[in-house]
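S.K.: One file: structure11.txt (compact mmCIF, C-alpha atoms).
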```txt
# COMPACT_ATOMS: atom_id res chain seq x y z
CA ALA A 224 -16.86 -21.65 -53.36
CA GLU A 225 -17.16 -18.34 -51.50
CA LYS A 226 -19.15 -16.87 -54.39
CA PHE A 227 -21.70 -19.68 -54.34
CA ALA A 228 -21.90 -19.67 -50.53
CA ASP A 229 -22.65 -15.94 -50.63
CA GLU A 230 -25.23 -16.60 -53.34
CA VAL A 231 -26.96 -19.13 -51.06
CA LYS A 232 -27.09 -16.59 -48.23
CA GLN A 233 -28.37 -13.85 -50.53
CA ARG A 234 -31.14 -16.06 -51.86
CA LEU A 235 -32.02 -17.15 -48.32
CA SER A 236 -32.21 -13.48 -47.27
CA LEU A 237 -34.56 -12.81 -50.16
CA MET A 238 -36.80 -15.69 -49.08
CA LEU A 239 -36.77 -14.60 -45.42
CA MET A 240 -37.71 -11.04 -46.33
CA SER A 241 -40.50 -12.46 -48.53
CA MET A 242 -41.77 -14.43 -45.53
CA ASP A 243 -41.73 -11.26 -43.45
CA GLY A 244 -43.65 -9.49 -46.23
CA PHE A 245 -46.17 -12.37 -46.20
CA ALA A 246 -46.76 -11.86 -42.46
CA GLU A 247 -46.92 -8.09 -42.94
CA GLU A 248 -49.67 -8.35 -45.54
CA CYS A 249 -51.75 -11.04 -43.87
CA VAL A 250 -51.30 -10.26 -40.16
CA ARG A 251 -49.88 -6.88 -39.30
CA GLU A 252 -51.43 -4.64 -41.94
CA PRO A 253 -55.05 -5.81 -41.31
CA VAL A 254 -54.59 -5.11 -37.59
CA ARG A 255 -53.44 -1.58 -38.39
CA ASN A 256 -56.36 -1.13 -40.77
CA ILE A 257 -58.85 -1.72 -37.95
CA GLY A 258 -57.20 1.08 -35.98
CA LEU A 259 -54.74 -0.80 -33.78
CA SER A 260 -51.18 0.34 -34.45
CA GLU A 261 -47.85 -0.03 -32.72
CA GLU A 262 -48.33 3.39 -31.13
CA THR A 263 -51.79 2.67 -29.78
CA ASN A 264 -52.00 2.82 -25.98
CA VAL A 265 -55.29 1.35 -24.79
CA TYR A 266 -55.26 3.38 -21.58
CA GLU A 267 -53.68 6.69 -22.60
CA GLY A 268 -56.01 6.81 -25.59
CA GLU A 269 -58.96 6.50 -23.19
CA PHE A 270 -60.09 3.32 -24.88
CA PHE A 271 -60.12 1.51 -21.53
CA VAL A 272 -59.93 2.46 -17.87
CA LYS A 273 -57.55 0.53 -15.67
CA ASP A 274 -59.98 0.42 -12.72
CA VAL A 275 -63.51 -0.22 -13.94
CA SER A 276 -64.94 0.86 -10.59
CA LEU A 277 -63.98 4.42 -11.58
CA SER A 278 -66.04 4.23 -14.75
CA PRO A 279 -69.30 6.25 -14.89
CA ALA A 280 -71.05 3.01 -15.86
CA THR A 281 -70.29 1.65 -12.38
CA GLY A 282 -72.56 4.25 -10.85
CA ASP A 283 -75.31 3.38 -13.33
CA VAL A 284 -75.08 -0.28 -12.38
CA GLN A 285 -75.05 0.62 -8.71
CA LYS A 286 -78.23 2.66 -9.15
CA ALA A 287 -79.95 -0.06 -11.15
CA LEU A 288 -78.98 -2.73 -8.63
CA SER A 289 -80.15 -0.61 -5.74
CA ALA A 290 -83.48 0.09 -7.46
CA PHE A 291 -83.88 -3.60 -8.17
CA HIS A 292 -83.32 -4.49 -4.52
CA LYS A 293 -85.75 -1.82 -3.37
CA TYR A 294 -88.40 -3.01 -5.78
CA CYS A 295 -88.04 -6.62 -4.66
CA GLU A 296 -87.96 -5.73 -0.99
CA GLY A 297 -90.89 -3.38 -1.27
CA THR A 298 -93.41 -3.64 -4.10
CA ALA A 299 -92.69 -7.15 -5.38
CA LYS A 300 -92.71 -8.93 -1.99
CA ASN A 301 -96.03 -7.39 -0.98
CA ILE A 302 -97.65 -8.57 -4.21
CA PHE A 303 -96.05 -12.00 -3.97
CA ASP A 304 -97.42 -12.41 -0.43
CA LEU A 305 -100.98 -11.92 -1.74
CA VAL A 306 -100.73 -14.92 -4.08
CA LYS A 307 -98.45 -17.00 -1.91
CA ASP A 308 -101.17 -19.58 -1.23
CA THR A 309 -101.54 -20.15 -4.95
CA VAL A 310 -98.01 -19.63 -6.28
CA ASP A 311 -94.95 -18.89 -4.18
CA LEU A 312 -93.05 -16.20 -6.15
CA SER A 313 -90.80 -15.14 -3.29
CA PRO A 314 -87.71 -16.88 -4.79
CA LEU A 315 -87.79 -14.24 -7.56
CA CYS A 316 -86.62 -11.71 -5.01
CA ASN A 317 -84.49 -13.93 -2.86
CA LEU A 318 -81.34 -11.85 -3.38
CA GLN A 319 -77.87 -11.86 -1.83
CA ASP A 320 -76.45 -8.79 -0.17
CA GLU A 321 -76.57 -5.79 -2.50
CA GLU A 322 -72.98 -4.70 -1.79
CA GLU A 323 -71.66 -8.22 -2.29
CA THR A 324 -73.49 -8.43 -5.62
CA MET A 325 -72.05 -5.10 -6.71
CA GLN A 326 -68.52 -6.22 -5.84
CA GLU A 327 -69.01 -9.43 -7.77
CA ILE A 328 -70.28 -7.56 -10.83
CA THR A 329 -67.40 -5.10 -10.68
CA LYS A 330 -64.86 -7.92 -10.31
CA ALA A 331 -66.29 -9.79 -13.31
CA VAL A 332 -66.17 -6.71 -15.52
CA GLN A 333 -62.65 -5.91 -14.33
CA GLN A 334 -61.48 -9.43 -15.14
CA ARG A 335 -63.12 -9.38 -18.58
CA LYS A 336 -61.68 -5.95 -19.33
CA ASP A 337 -58.21 -7.08 -18.26
CA ALA A 338 -58.52 -10.18 -20.45
CA VAL A 339 -59.60 -8.13 -23.46
CA VAL A 340 -56.78 -5.61 -22.95
CA GLU A 341 -54.33 -8.46 -22.62
CA SER A 342 -55.62 -9.97 -25.85
CA ILE A 343 -55.41 -6.62 -27.61
CA GLU A 344 -51.87 -6.07 -26.38
CA LYS A 345 -50.99 -9.59 -27.47
CA VAL A 346 -52.38 -8.87 -30.92
CA GLN A 347 -50.58 -5.54 -30.88
CA SER A 348 -47.31 -7.27 -30.04
CA TRP A 349 -47.52 -9.14 -33.36
CA LEU A 350 -47.14 -5.82 -35.12
CA ASP A 351 -43.46 -6.07 -34.15
CA PRO A 352 -41.65 -8.37 -36.61
CA PHE A 353 -39.06 -9.04 -33.89
CA LYS A 354 -41.64 -10.17 -31.33
CA GLY A 355 -40.17 -12.23 -28.53
CA THR A 356 -36.57 -11.19 -29.16
CA ASP A 357 -34.25 -8.41 -28.05
CA VAL A 358 -33.76 -7.30 -31.66
CA THR A 359 -34.96 -3.91 -32.89
CA ILE A 360 -35.06 -2.33 -36.31
CA ASN A 361 -31.98 -0.31 -35.27
CA SER A 362 -29.94 -3.27 -33.99
CA GLU A 363 -30.84 -5.80 -36.70
CA ILE A 364 -28.14 -4.82 -39.19
CA PRO A 365 -25.17 -3.78 -36.97
CA GLU A 366 -25.53 -6.59 -34.42
CA TYR A 367 -26.70 -9.47 -36.59
CA VAL A 368 -26.53 -8.93 -40.36
CA GLU A 369 -23.06 -7.41 -40.22
CA GLU A 370 -22.03 -10.38 -38.07
CA GLY A 371 -22.93 -12.69 -40.94
CA GLU A 372 -26.61 -13.53 -40.46
CA PRO A 373 -28.87 -13.45 -43.53
CA MET A 374 -31.15 -10.43 -43.58
CA GLY A 375 -34.62 -11.33 -42.26
CA LEU A 376 -33.64 -14.26 -40.03
CA ARG A 377 -34.53 -12.41 -36.82
CA ARG A 378 -37.84 -11.30 -38.34
CA VAL A 379 -39.17 -14.84 -38.79
CA MET A 380 -37.86 -16.45 -35.60
CA SER A 381 -41.07 -15.81 -33.66
CA LEU A 382 -43.24 -16.43 -36.70
CA LEU A 383 -42.13 -20.01 -37.33
CA PRO A 384 -42.66 -22.85 -34.85
CA GLY A 385 -39.41 -23.91 -33.25
CA SER A 386 -40.43 -26.17 -30.38
CA SER A 387 -40.20 -29.32 -32.49
CA SER A 388 -36.85 -30.67 -33.67
CA GLU A 389 -38.31 -31.37 -37.12
CA THR A 390 -39.36 -27.83 -38.10
CA PHE A 391 -37.77 -25.76 -40.84
CA TYR A 392 -36.43 -23.35 -38.24
CA SER A 393 -35.00 -26.04 -35.96
CA THR A 394 -33.44 -28.16 -38.68
CA TYR A 395 -32.08 -25.36 -40.87
CA LEU A 396 -32.68 -21.68 -40.17
CA LYS A 397 -31.26 -21.56 -36.65
CA LYS A 398 -27.93 -22.82 -38.01
CA TRP A 399 -27.59 -19.42 -39.72
CA LYS A 400 -27.64 -17.56 -36.40
CA LYS A 401 -24.66 -15.52 -35.26
CA LYS A 402 -21.88 -17.87 -34.08
CA GLY A 403 -23.91 -20.75 -35.52
CA GLU A 404 -22.86 -23.79 -37.53
CA PHE A 405 -23.20 -22.29 -41.02
CA LEU A 406 -21.37 -19.04 -40.24
CA GLU A 407 -18.48 -21.08 -38.84
CA LEU A 408 -18.34 -22.94 -42.15
CA LEU A 409 -18.28 -19.66 -44.07
CA SER A 410 -15.58 -18.39 -41.71
CA LYS A 411 -13.41 -21.39 -42.61
CA ILE A 412 -13.87 -20.59 -46.29
CA GLU A 413 -12.94 -16.97 -45.61
CA THR A 414 -9.82 -18.07 -43.71
CA ALA A 415 -8.80 -20.33 -46.59
CA ILE A 416 -9.44 -17.55 -49.10
CA ASN A 417 -7.44 -15.08 -47.04
CA GLY A 418 -4.56 -17.55 -47.04
CA LEU A 419 -4.80 -17.88 -50.80
CA ASN A 420 -5.01 -14.12 -51.16
CA GLU A 421 -1.85 -13.71 -49.10
CA LYS A 422 -0.04 -16.22 -51.32
CA ILE A 423 -1.34 -14.48 -54.42
CA GLU A 424 -0.25 -11.11 -53.05
CA ARG A 425 3.23 -12.47 -52.30
CA GLN A 426 3.47 -14.01 -55.75
CA GLN A 427 2.10 -10.82 -57.26
CA GLY A 428 4.74 -8.86 -55.38
CA GLU A 429 7.48 -11.16 -56.66
CA LEU A 430 6.03 -10.95 -60.15
CA ASN A 431 5.89 -7.16 -59.91
CA LYS A 432 9.50 -7.14 -58.74
CA LYS A 433 10.62 -9.37 -61.60
CA THR A 434 8.50 -7.34 -64.00
CA SER A 435 10.15 -4.14 -62.77
CA GLU A 436 13.56 -5.75 -63.11
CA ALA A 437 12.69 -6.97 -66.59
CA GLN A 438 11.38 -3.53 -67.51
CA ALA A 439 14.56 -1.95 -66.14
CA ALA A 440 16.66 -4.46 -68.05
CA GLU A 441 14.63 -3.80 -71.19
CA GLU A 442 15.02 -0.07 -70.72
CA GLY A 443 18.76 -0.61 -70.14
CA LEU A 444 18.94 -2.71 -73.27
CA GLU A 445 17.10 -0.05 -75.22
CA ILE A 446 19.54 2.54 -73.90
CA ALA A 447 22.47 0.25 -74.72
CA VAL A 448 21.11 -0.39 -78.21
CA ALA A 449 20.64 3.33 -78.73
CA ALA A 450 24.16 3.99 -77.41
CA PHE A 451 25.53 1.21 -79.60
CA GLN A 452 23.71 2.61 -82.59
CA LYS A 453 25.05 6.03 -81.79
CA ALA A 454 28.52 4.59 -81.30
CA ALA A 455 28.18 2.65 -84.53
CA ASP A 456 27.15 5.78 -86.35
CA GLU A 457 30.00 7.69 -84.76
CA ALA A 458 32.36 4.78 -85.43
CA GLN A 459 31.30 4.76 -89.05
CA LEU A 460 32.12 8.45 -89.20
CA GLU A 461 35.36 7.88 -87.33
CA LYS A 462 36.12 4.92 -89.56
CA THR A 463 35.80 7.16 -92.57
CA GLU A 464 37.99 9.75 -90.88
CA LEU A 465 40.46 7.09 -89.68
CA THR A 466 40.64 5.62 -93.15
CA SER A 467 41.54 9.04 -94.46
CA VAL A 468 44.07 9.55 -91.68
CA LEU A 469 45.48 6.07 -92.27
CA GLU A 470 45.90 6.81 -95.89
CA ASP A 471 47.68 10.01 -94.94
CA LEU A 472 49.81 8.06 -92.47
CA LYS A 473 50.58 5.47 -95.07
CA ARG A 474 51.60 8.19 -97.44
CA SER A 475 53.63 9.81 -94.68
CA VAL A 476 55.27 6.48 -93.87
CA GLU A 477 56.04 5.88 -97.48
CA SER A 478 57.39 9.38 -97.72
CA ALA A 479 59.40 8.93 -94.54
CA LYS A 480 60.61 5.59 -95.76
CA GLN A 481 61.67 7.18 -98.98
CA ASN A 482 63.36 9.98 -97.12
CA LEU A 483 65.10 7.44 -94.93
CA GLU A 484 66.31 5.54 -97.92
CA ASP A 485 67.54 8.81 -99.40
CA LEU A 486 69.27 9.65 -96.16
CA GLU A 487 70.83 6.21 -96.02
CA LYS A 488 71.96 6.59 -99.55
CA ARG A 489 73.35 10.04 -98.83
CA ARG A 490 74.97 8.77 -95.64
CA GLU A 491 76.61 5.99 -97.58
CA GLU A 492 77.64 8.41 -100.22
CA ALA A 493 79.02 10.81 -97.60
CA LEU A 494 80.77 7.95 -95.83
CA GLN A 495 82.23 6.74 -99.01
CA ALA A 496 83.32 10.27 -99.86
CA TRP A 497 84.82 10.64 -96.42
CA ILE A 498 86.67 7.33 -96.79
CA GLU A 499 87.91 8.32 -100.14
CA THR A 500 88.96 11.69 -98.81
CA ARG A 501 90.66 10.06 -95.85
CA ASP A 502 92.48 7.62 -98.01
CA ALA A 503 93.55 10.43 -100.29
CA LEU A 504 94.80 12.41 -97.32
CA ILE A 505 96.67 9.43 -95.92
CA LYS A 506 98.20 8.85 -99.27
CA MET A 507 99.14 12.48 -99.64
CA HIS A 508 100.58 12.48 -96.12
CA ALA A 509 102.61 9.40 -96.85
CA GLU A 510 103.88 10.81 -100.04
CA ALA A 511 104.74 14.08 -98.34
CA THR A 512 106.57 12.28 -95.53
CA ALA A 513 108.52 10.20 -97.96
CA SER A 514 109.50 13.24 -99.90
CA LEU A 515 110.71 14.97 -96.80
CA SER A 516 112.80 11.96 -95.84
CA GLU A 517 114.39 11.84 -99.16
CA SER A 518 115.19 15.53 -98.94
CA GLY A 519 116.90 15.09 -95.54
CA VAL A 520 119.14 12.35 -96.78
CA SER A 521 120.26 14.51 -99.57
CA ILE A 522 121.13 17.32 -97.21
CA TYR A 523 123.29 15.18 -94.95
```
Write the structure described by the file as structure tokens, please.
M.R.:
Amino acid sequence: AEKFADEVKQRLSLMLMSMDGFAEECVREPVRNIGLSEETNVYEGEFFVKDVSLSPATGDVQKALSAFHKYCEGTAKNIFDLVKDTVDLSPLCNLQDEEETMQEITKAVQQRKDAVVESIEKVQSWLDPFKGTDVTINSEIPEYVEEGEPMGLRRVMSLLPGSSSETFYSTYLKKWKKKGEFLELLSKIETAINGLNEKIERQQGELNKKTSEAQAAEEGLEIAVAAFQKAADEAQLEKTELTSVLEDLKRSVESAKQNLEDLEKRREEALQAWIETRDALIKMHAEATASLSESGVSIY
């Protein structure tokens, strides 16, 4: 959803910048081509004078007006008096006060000049794509675009009519303004996405932990298998050696058993010999005792 919402804003920005380019080509550039630019100052460039009474042309008009009055008051009236009975031409020189006329002329030119300058400055103001707003080329991006507005929105605000509730600007574009309806919607999407990202990060962390544990277990198993293999190899060697030793032990046991049997046999033989010897001694002792007894009886 965020991807498609961003796509809508990007396409809107492209359209808005195209609209600004449309106005640039058809309004602003032609004005510059006739010599009126953003930097043009109608007074500092000596295109106009603020006070027309200070213009050299004022003196020319004053001289012409004065000459006109003198001609009417002098030459013309005298001639008109000669033909007055036939045609009364005196109204042709029925003039108001010369100074009053000069003031009126000066005021009219001043008013017309002020109106023209105002019109020129009004035309000149349309050279600014942000006309009627506080936005400048330097503040457009940091204060508006980076706050979520589509690029170009502030450039067309003064271009499009917005007084009616049914215009494109009123019904749609103004909802894209900073802190407007559409940016709040996008903010909700961003909040939801951030929540999902946090869950994904937590799950990713748990997965990484389990993966690390599994990797450690696998490494431990590999070590154990290697140790077991080594032990098995060593055991096989030991088994061979133990088998040899066992055989030796068996032979030793058999030999010891045989020796024991020999010893038992010899012990029995010795015992029997000792018994026989003892019995022979007892017998000899008895016989000797008996013989002595018999000898004693004979003596007595």
S.K.: If you measure from atom CA of A:Glu421 to atom CA of A:Ser435, what distance in Å do you get, rounded to one decimal?
M.R.: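 Separating atom CA of A:Glu421 from atom CA of A:Ser435 is a distance of 20.6 Å.
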S.K.: Please identify all polymer residues lying at most 12 Å from the point (-93.5, -7.3, -3.4) (file coordinates), using only C-alpha atoms, and present the result as a PyMOL selection string.
M.R.: chain A and resi 291-307+311-317
S.K.: Go ahead and save the picked residues with C-alpha atoms, as a PDB file, in the frame of the given file.
M.R.:
```pdb
ATOM      1  CA  PHE A 291     -83.880  -3.600  -8.170  1.00  0.00           C
ATOM      2  CA  HIS A 292     -83.320  -4.490  -4.520  1.00  0.00           C
ATOM      3  CA  LYS A 293     -85.750  -1.820  -3.370  1.00  0.00           C
ATOM      4  CA  TYR A 294     -88.400  -3.010  -5.780  1.00  0.00           C
ATOM      5  CA  CYS A 295     -88.040  -6.620  -4.660  1.00  0.00           C
ATOM      6  CA  GLU A 296     -87.960  -5.730  -0.990  1.00  0.00           C
ATOM      7  CA  GLY A 297     -90.890  -3.380  -1.270  1.00  0.00           C
ATOM      8  CA  THR A 298     -93.410  -3.640  -4.100  1.00  0.00           C
ATOM      9  CA  ALA A 299     -92.690  -7.150  -5.380  1.00  0.00           C
ATOM     10  CA  LYS A 300     -92.710  -8.930  -1.990  1.00  0.00           C
ATOM     11  CA  ASN A 301     -96.030  -7.390  -0.980  1.00  0.00           C
ATOM     12  CA  ILE A 302     -97.650  -8.570  -4.210  1.00  0.00           C
ATOM     13  CA  PHE A 303     -96.050 -12.000  -3.970  1.00  0.00           C
ATOM     14  CA  ASP A 304     -97.420 -12.410  -0.430  1.00  0.00           C
ATOM     15  CA  LEU A 305    -100.980 -11.920  -1.740  1.00  0.00           C
ATOM     16  CA  VAL A 306    -100.730 -14.920  -4.080  1.00  0.00           C
ATOM     17  CA  LYS A 307     -98.450 -17.000  -1.910  1.00  0.00           C
ATOM     18  CA  ASP A 311     -94.950 -18.890  -4.180  1.00  0.00           C
ATOM     19  CA  LEU A 312     -93.050 -16.200  -6.150  1.00  0.00           C
ATOM     20  CA  SER A 313     -90.800 -15.140  -3.290  1.00  0.00           C
ATOM     21  CA  PRO A 314     -87.710 -16.880  -4.790  1.00  0.00           C
ATOM     22  CA  LEU A 315     -87.790 -14.240  -7.560  1.00  0.00           C
ATOM     23  CA  CYS A 316     -86.620 -11.710  -5.010  1.00  0.00           C
ATOM     24  CA  ASN A 317     -84.490 -13.930  -2.860  1.00  0.00           C
TER      25      ASN A 317
END
```
S.K.: Quick one: pull the distance between atom CA of A:Arg255 and atom CA of A:Ile364, Å, one decimal.
M.R.: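 Between atom CA of A:Arg255 and atom CA of A:Ile364 the gap works out to 25.5 Å.
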S.K.: So how many Å separate atom CA of A:Glu366 and atom CA of A:Leu350, to one decimal?
M.R.: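 Between atom CA of A:Glu366 and atom CA of A:Leu350 the gap works out to 21.6 Å.
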S.K.: Go through A:Met325, A:Met374, A:Val340, A:Ala246 and flag the residue nearest A:Leu288, using all atoms listed in the file for the distances.
M.R.: A:Met325
S.K.: Of the candidates A:Gln285, A:Lys433, A:Leu383, A:Leu406, which one gets nearest to A:Glu327 if we count all atoms listed in the file?
M.R.: A:Gln285
S.K.: Would you compute, for all listed atoms of stretch 226-244 of chain A, the axis-aligned bounding box grown by 5 Å on each side, and then report its centre and edge lengths in Å rounded to one decimal, as JSON?
M.R.:
```
{"center_x": -31.4, "center_y": -14.6, "center_z": -48.9, "size_x": 34.5, "size_y": 20.2, "size_z": 20.9}
```
S.K.: Which residue gives the smallest distance to A:Phe353 among A:Gly258, A:Asp243, A:Ser289, A:Tyr395, with all atoms listed in the file counted?
M.R.: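 So, comparing all the options, the nearest one is A:Asp243.
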S.K.: May I ask which of the residues A:Glu389, A:Glu344, A:Asp456, A:Glu429 is the closest one to A:Glu262, counting only C-alpha atoms?
M.R.: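 Ranked by minimum distance to A:Glu262, first place goes to A:Glu344.
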